[in-house]
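**Q** Please see the structure below; I have some questions.
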Amino acid sequence: MPTLEKLADFWSAEGLKHIIPNVGNEFPEGFDVRELLKTIINPEDGVLEVGCGYGRLCGAFPAAKYTGVDVNPSAIATAKERNPEYRFEAIAPAAALPHAGTALVYTVGLHVSDEELGRFLKPICAAAPVLVVAELMDVRWRRGGDPPVFNRDPEQYVATMMSLGYLLQAWVKAPYARYSQQSGNVADGRITFHTYGRSKNAG
């Protein structure tokens with residue numbers, strides 16, 4: 001399975017490819033996901049978006065409250081050009097992260113193998129007491145290729161986050177047009193938003 005370092009090398013080499021499905025517009029979801037994020041995340045204590053790509057979602061939050069980080073230098077350079085009022089940083093895999101009230105991990109964890117998932121999530125948990133994880137949560141979406149995808153069922157995320165000292169506080173599902181409209185596919189084509197809070201008993 002690819003390590004976080006190998007994944008970072010892949011994304012860096014690909015530039016802006018694969019960041020979102022190519023459907024001819026900014027929102028393969030079929031709706032402006034920024035509007036939904038505004039209802040899920042309170043930006044008052046700051047938002048850290050991990051795997052921000054070229055800054056597609058930063059407009060959901062006030063510029064002064066947002067930091068986007070990514071292992072892809074090309075994506076970060078584009079994000080800075082497109083959104084000069086926002087803060088973006090290129091990071092190394094598994095590096096310590098800027099602190100914020102909420103961390104957003106939007107369709108990023110599905111590219112991380114099961115073996116590396118804990119290593120990926122630990123610095124995010126150290127950076128924020130609240131995590132929002134959003135992706136297609138159905139193991140039947142898993143496939144190889146470039147990049148491979150490691151979709152998980154919701155229960156797998158709940159168990160992993162519990163092992164890191166976080167409890168599921170809320171969840172929302174919304175149809176993801178790019179996938180929910182695929183005929184004959186039995187996998188869940190909705191994007192799931194999980195909000196996790198740090199347990200009071202966490203170390």
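Ordering of the structure tokens sets the chain letters (A, B, ...); residue numbers start at 1 within each chain; ligands are numbered from 1 in the order shown.
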I need the residues in chain A that are strand (DSSP E) according to DSSP; give them as a PyMOL selection string.
**A** chain A and resi 47-50+66-70+87-90+102-106+130-135+166-175+190-198
**Q** Residues within 12 Å of segment 73-83 of chain A, please, as a VMD selection string. Count only C-alpha atoms; anything in the same chain fewer than 4 positions from it doesn't count.
**A** chain A and resid 8 to 20 50 to 59 62 to 63 66 to 69 87 to 92
**Q** Would you write out those residues with C-alpha atoms, as a short mmCIF file (atom, residue, chain, number, x, y, z; two decimals), in the first residue's frame?
**A**
data_model
loop_
_atom_site.label_atom_id
_atom_site.label_comp_id
_atom_site.auth_asym_id
_atom_site.auth_seq_id
_atom_site.Cartn_x
_atom_site.Cartn_y
_atom_site.Cartn_z
CA ALA A 8 2.63 13.13 -1.71
CA ASP A 9 5.05 12.36 -4.55
CA PHE A 10 2.12 11.26 -6.73
CA TRP A 11 0.06 14.39 -6.10
CA SER A 12 3.06 16.65 -6.58
CA ALA A 13 3.85 15.02 -9.92
CA GLU A 14 0.23 15.27 -11.10
CA GLY A 15 -0.11 18.99 -10.50
CA LEU A 16 -3.81 19.90 -10.69
CA LYS A 17 -4.98 16.59 -12.14
CA HIS A 18 -7.44 14.42 -10.19
CA ILE A 19 -8.27 17.10 -7.60
CA ILE A 20 -11.92 16.92 -8.62
CA VAL A 50 -6.31 19.55 5.12
CA GLY A 51 -5.88 18.66 1.46
CA CYS A 52 -7.25 21.98 0.25
CA GLY A 53 -6.11 21.52 -3.36
CA TYR A 54 -6.34 24.77 -5.28
CA GLY A 55 -8.66 26.37 -2.73
CA ARG A 56 -11.98 25.37 -4.25
CA LEU A 57 -13.81 25.45 -0.90
CA CYS A 58 -12.09 28.30 0.94
CA GLY A 59 -14.89 30.73 0.07
CA PRO A 62 -13.99 34.20 6.16
CA ALA A 63 -10.44 34.69 4.90
CA TYR A 66 -9.14 29.98 7.23
CA THR A 67 -5.90 28.13 6.56
CA GLY A 68 -5.53 25.59 3.75
CA VAL A 69 -2.72 23.04 3.63
CA ARG A 87 -3.73 31.69 3.74
CA PHE A 88 -2.35 28.52 2.14
CA GLU A 89 0.70 26.43 3.06
CA ALA A 90 2.51 23.52 1.45
CA ILE A 91 3.20 20.82 4.03
CA ALA A 92 5.16 17.58 4.31
#
**Q** Would you mind telling me which residue in A:Glu115, A:Leu167, A:Asn25, A:Gly109 lies nearest to Gly197 of chain A when using only C-alpha atoms?
**A**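 For Gly197 of chain A, the nearest of the given residues is A:Leu167.
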**Q** Please compute the atom CA of Glu26 of chain A-atom CA of Glu5 of chain A distance, one decimal, in Å.
**A**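 One can read the atom CA of Glu26 of chain A to atom CA of Glu5 of chain A distance as 27.8 Å.
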**Q** Calculated over only C-alpha atoms, which of the candidates A:Trp171, A:Ala128, A:Arg140, A:Phe150 has the smallest distance to Arg198 of chain A?
**A**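 Closest residue, counting only C-alpha atoms: A:Ala128.
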